[in-house]
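For reference, the structure is listed below as structure tokens.
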Amino acid sequence: MHAWTWFLQRISAVILVIVLGLHIGFLHFSNGGESLNYTDIMARLKTPIFISLDILLLIFGLYHALYGLYSVFLDFDSGKKEKIVVFGFLVTMGLSFLGFGIFGLICTFC
Amino acid sequence: MSDPLYVKVFRFNPASDVAPKFDHFEVPVFNNMAILDVVMHIQNYMDRSLSFRFSCRIGMCGSCAMYVNGRARLACRTQVSALKTRNITIMPLPNFPIIRDLVVDMEPFFQKWKEIKPYYLPKKEIDEPVVIRPDSKEREFIDDMLDCISCGCCYSACSMVATNKEYLGPAALNRAYTLIADKRDAIRVERLKVVDRSYGVWRCHTQFNCAEVCPKNIVPTRSIQNLKRRCVLKKFGIFK
């Protein structure tokens with residue numbers, strides 16, 4: 001399990017750099033120097049490409065952050081029971097945030 | 001005559017002392033003086049009960065490792081002048097049980113060393129001697145990592161060892177890598193299984209504390225990262 005999760009942590013890090021780069025690029029450099037306004041931003045956020053980008057950011061951001069948190073927890077040398085509880089809690093939290101995030105993105109902008 | 005050294009030495013005898021203490025000594029300085037000379041001077045002329053371990057005096061045996069001014073070092077290879085201070089604090093290596101004063105019990109360290117089976121087992125089908133190309137990148141890397149003298153400096157500096165006594169530690173993992181990377185070895189996969197566990201390679205957080213203190217300039221973190229990659233390759237069925 002460790003090999004897979006460690007590998008995914010590396011993959012998610014690379015994807016985050018790319019997706020965050022695109023996200024920041026879209027937000028700050030695709031505006032042609034004009035001042036931002038609400039209507040333009042909402043129109044942009046509704047595009048499938050931007051929604052897909054944000055969903056990717058959500059998935060990989062959550063995985064990267066929560067697995068990082070779990071790695072820190074493992075350093076405390078806890079018992080097997082505590083590990084299962086924390087793992088379950090983090091998975092539940094991750095899936096809930098993912099659900100909320102995707103629901104928010106799709107319902108608000110579609 | 002130059003100013004003496006003000007040396008603070010950790011003292012503890014678990015058999016008779018309730019708690020550790022520090023003794024203070026003023027030690028005269030001479031040219032090219034090493035930390036080993038300092039503790040030998042204390043033992044010869046000031047306090048014969050001071051305990052410490054040493055053997056070769058030339059940085060080969062790894063037995064004189066101590067915690068000098070906040071850092072694990074070989075006492076025989078650490079010049080007093082390199083510390084750039086007259087105040088010296090000498091303590092036993094952290095992360096080891098103390099036997100007495102500056103002498104630590106290396107048993108936990110070598111127990112982990114044994115776990116990875118630190119000896120080469122040749123494949124049956126290989127006829128010795130094997131030709132190894134001098135320009136082999138793999139061999140160059142292995143050769144660099146073979147300089148380890150098992151002094152325990154890396155083990156004492158590792159914060160992961162400090163928080164978890166089961167963690168194999170940088171020296172054992174580095175040794176494991178030198179054997180796993182050697183294609184002539186017969187039990188590479190078995191060895192990889194030993195290190196592919198929570199308290200094996202996966203506890204390393206690449207802090208490089210081990211590399212920072214290694215008296216042989218080895219970077220065990222590199223070996224550990226290579227081991228992690230091989231564990232992933234094994235999952236994909238690429239490493240055999």
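The chains in the structure tokens are called A, B, ... from first to last as shown; in each chain the residues are counted from 1, and the ligands are counted from 1 in the order shown.
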
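Residues in contact with segment 109-115 of chain B at up to 9 Å, not including ones fewer than 3 positions away on its chain and judged by only C-alpha atoms, are Phe96, Asp105, Met106, Pro118, Ser150, Gly152, Tyr155, Glu166, Tyr167, Leu168, Gly169, Ala171, Ala172, Leu173, Arg175, Ala176 and Val194 of chain B.
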
Expected file contents, prior selection, C-alpha atoms, as a short mmCIF file (atom, residue, chain, number, x, y, z; two decimals), in the first residue's frame:
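Result went into selection.cif, see below:
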```cif
data_model
loop_
_atom_site.label_atom_id
_atom_site.label_comp_id
_atom_site.auth_asym_id
_atom_site.auth_seq_id
_atom_site.Cartn_x
_atom_site.Cartn_y
_atom_site.Cartn_z
CA PHE B 96 21.10 5.10 21.58
CA ASP B 105 24.91 0.58 23.23
CA MET B 106 25.04 -0.06 19.46
CA PRO B 118 23.81 -7.10 5.19
CA SER B 150 28.65 1.98 10.57
CA GLY B 152 25.95 5.41 13.89
CA TYR B 155 21.20 6.95 13.05
CA GLU B 166 11.32 0.41 14.98
CA TYR B 167 12.41 2.46 11.98
CA LEU B 168 15.31 0.72 10.24
CA GLY B 169 17.33 3.92 9.99
CA ALA B 171 22.61 3.14 7.63
CA ALA B 172 20.74 -0.17 7.34
CA LEU B 173 18.64 1.13 4.45
CA ARG B 175 23.39 -0.96 3.08
CA ALA B 176 20.24 -2.67 1.80
CA VAL B 194 12.13 -6.26 4.28
#
```

Specify as a compact mmCIF listing (two decimals) with C-alpha atoms, in the first residue's frame all residues of chain A found within 10 Å of chain B, counting only C-alpha atoms.
```
# COMPACT_ATOMS: atom_id res chain seq x y z
CA MET A 1 0.00 0.00 0.00
CA HIS A 2 2.79 2.42 0.88
CA ALA A 3 4.37 2.11 -2.55
CA TRP A 4 1.11 3.00 -4.30
CA THR A 5 0.19 5.86 -1.99
CA TRP A 6 3.73 7.29 -2.15
CA PHE A 7 3.69 7.02 -5.94
CA SER A 71 2.02 10.58 6.89
CA VAL A 72 2.56 13.09 9.68
CA LEU A 74 2.11 7.88 11.20
CA ASP A 75 5.23 9.48 12.69
CA PHE A 76 3.55 9.52 16.08
CA ASP A 77 3.94 5.75 16.30
CA SER A 78 0.27 5.11 17.12
```

Would you mind listing what lies within 10 Å of Ile102 of chain A as a PDB file with C-alpha atoms, in the first residue's frame, with only C-alpha atoms counted and same-chain residues fewer than 4 positions away left out?
```pdb
ATOM      1  CA  ILE A  51     -14.927  23.369 -14.276  1.00  0.00           C
ATOM      2  CA  SER A  52     -12.839  20.321 -15.264  1.00  0.00           C
ATOM      3  CA  ASP A  54     -11.193  22.942 -10.771  1.00  0.00           C
ATOM      4  CA  ILE A  55     -12.435  19.388 -10.272  1.00  0.00           C
ATOM      5  CA  LEU A  56      -8.928  18.089 -11.002  1.00  0.00           C
ATOM      6  CA  LEU A  58      -9.990  19.479  -5.950  1.00  0.00           C
ATOM      7  CA  ILE A  59      -9.257  15.758  -6.393  1.00  0.00           C
ATOM      8  CA  SER A  96     -17.207  14.588   1.793  1.00  0.00           C
ATOM      9  CA  PHE A  97     -15.152  17.606   0.709  1.00  0.00           C
ATOM     10  CA  LEU A  98     -14.859  16.127  -2.765  1.00  0.00           C
ATOM     11  CA  ILE A 106     -21.511  21.900 -11.001  1.00  0.00           C
ATOM     12  CA  CYS A 107     -24.604  23.439  -9.359  1.00  0.00           C
ATOM     13  CA  THR A 108     -23.241  26.971  -9.205  1.00  0.00           C
TER      14      THR A 108
END
```

Quiz item: Where does DSSP see helix (DSSP H, G or I) in segment 92-200 of chain B, if you list the residues as an MDAnalysis selection string?
Solution: chainID B and resid 107:115 137:145 153:157 159:163 170:180 188:195

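Picture a line from atom CA of Gly94 of chain A to atom CA of Tyr70 of chain A; it runs 11.8 Å.
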
Exercise. Considering only C-alpha atoms, return as a list in words whatever protein or nucleic-acid residues lie within 12 Å of segment 39-50 of chain A, sequence-local ones (same chain, fewer than 3 positions apart) excluded.
Key: Val19, Leu20, Leu22, His23, Ile24, Gly25, Phe26, Leu27, His28, Ser30, Asn31, Glu34, Ser35, Leu36, Leu53, Asp54, Ile55, Leu56, Leu57, Gly104, Leu105, Ile106, Cys107, Thr108, Phe109 and Cys110 of chain A

Quiz item: Leaving out Ile58 of chain B and any residue of its chain fewer than 2 positions from it, which residues lie within 8 Å of it when counting only C-alpha atoms, given as a count of residues only?
Solution: 5

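Excluding Thr85 of chain B itself and any same-chain residue fewer than 6 positions from it, the protein and nucleic acid residues within 10 Å of it, counting only C-alpha atoms, are Leu5, Tyr6 and Asn69 of chain B.
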
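Across the structure, atom CA of Lys117 of chain B and atom CA of Arg191 of chain B are spaced 7.4 Å apart.
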
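The interatomic distance for the pair atom CA of Val68 of chain B and atom CA of Asn13 of chain B works out to 19.4 Å.
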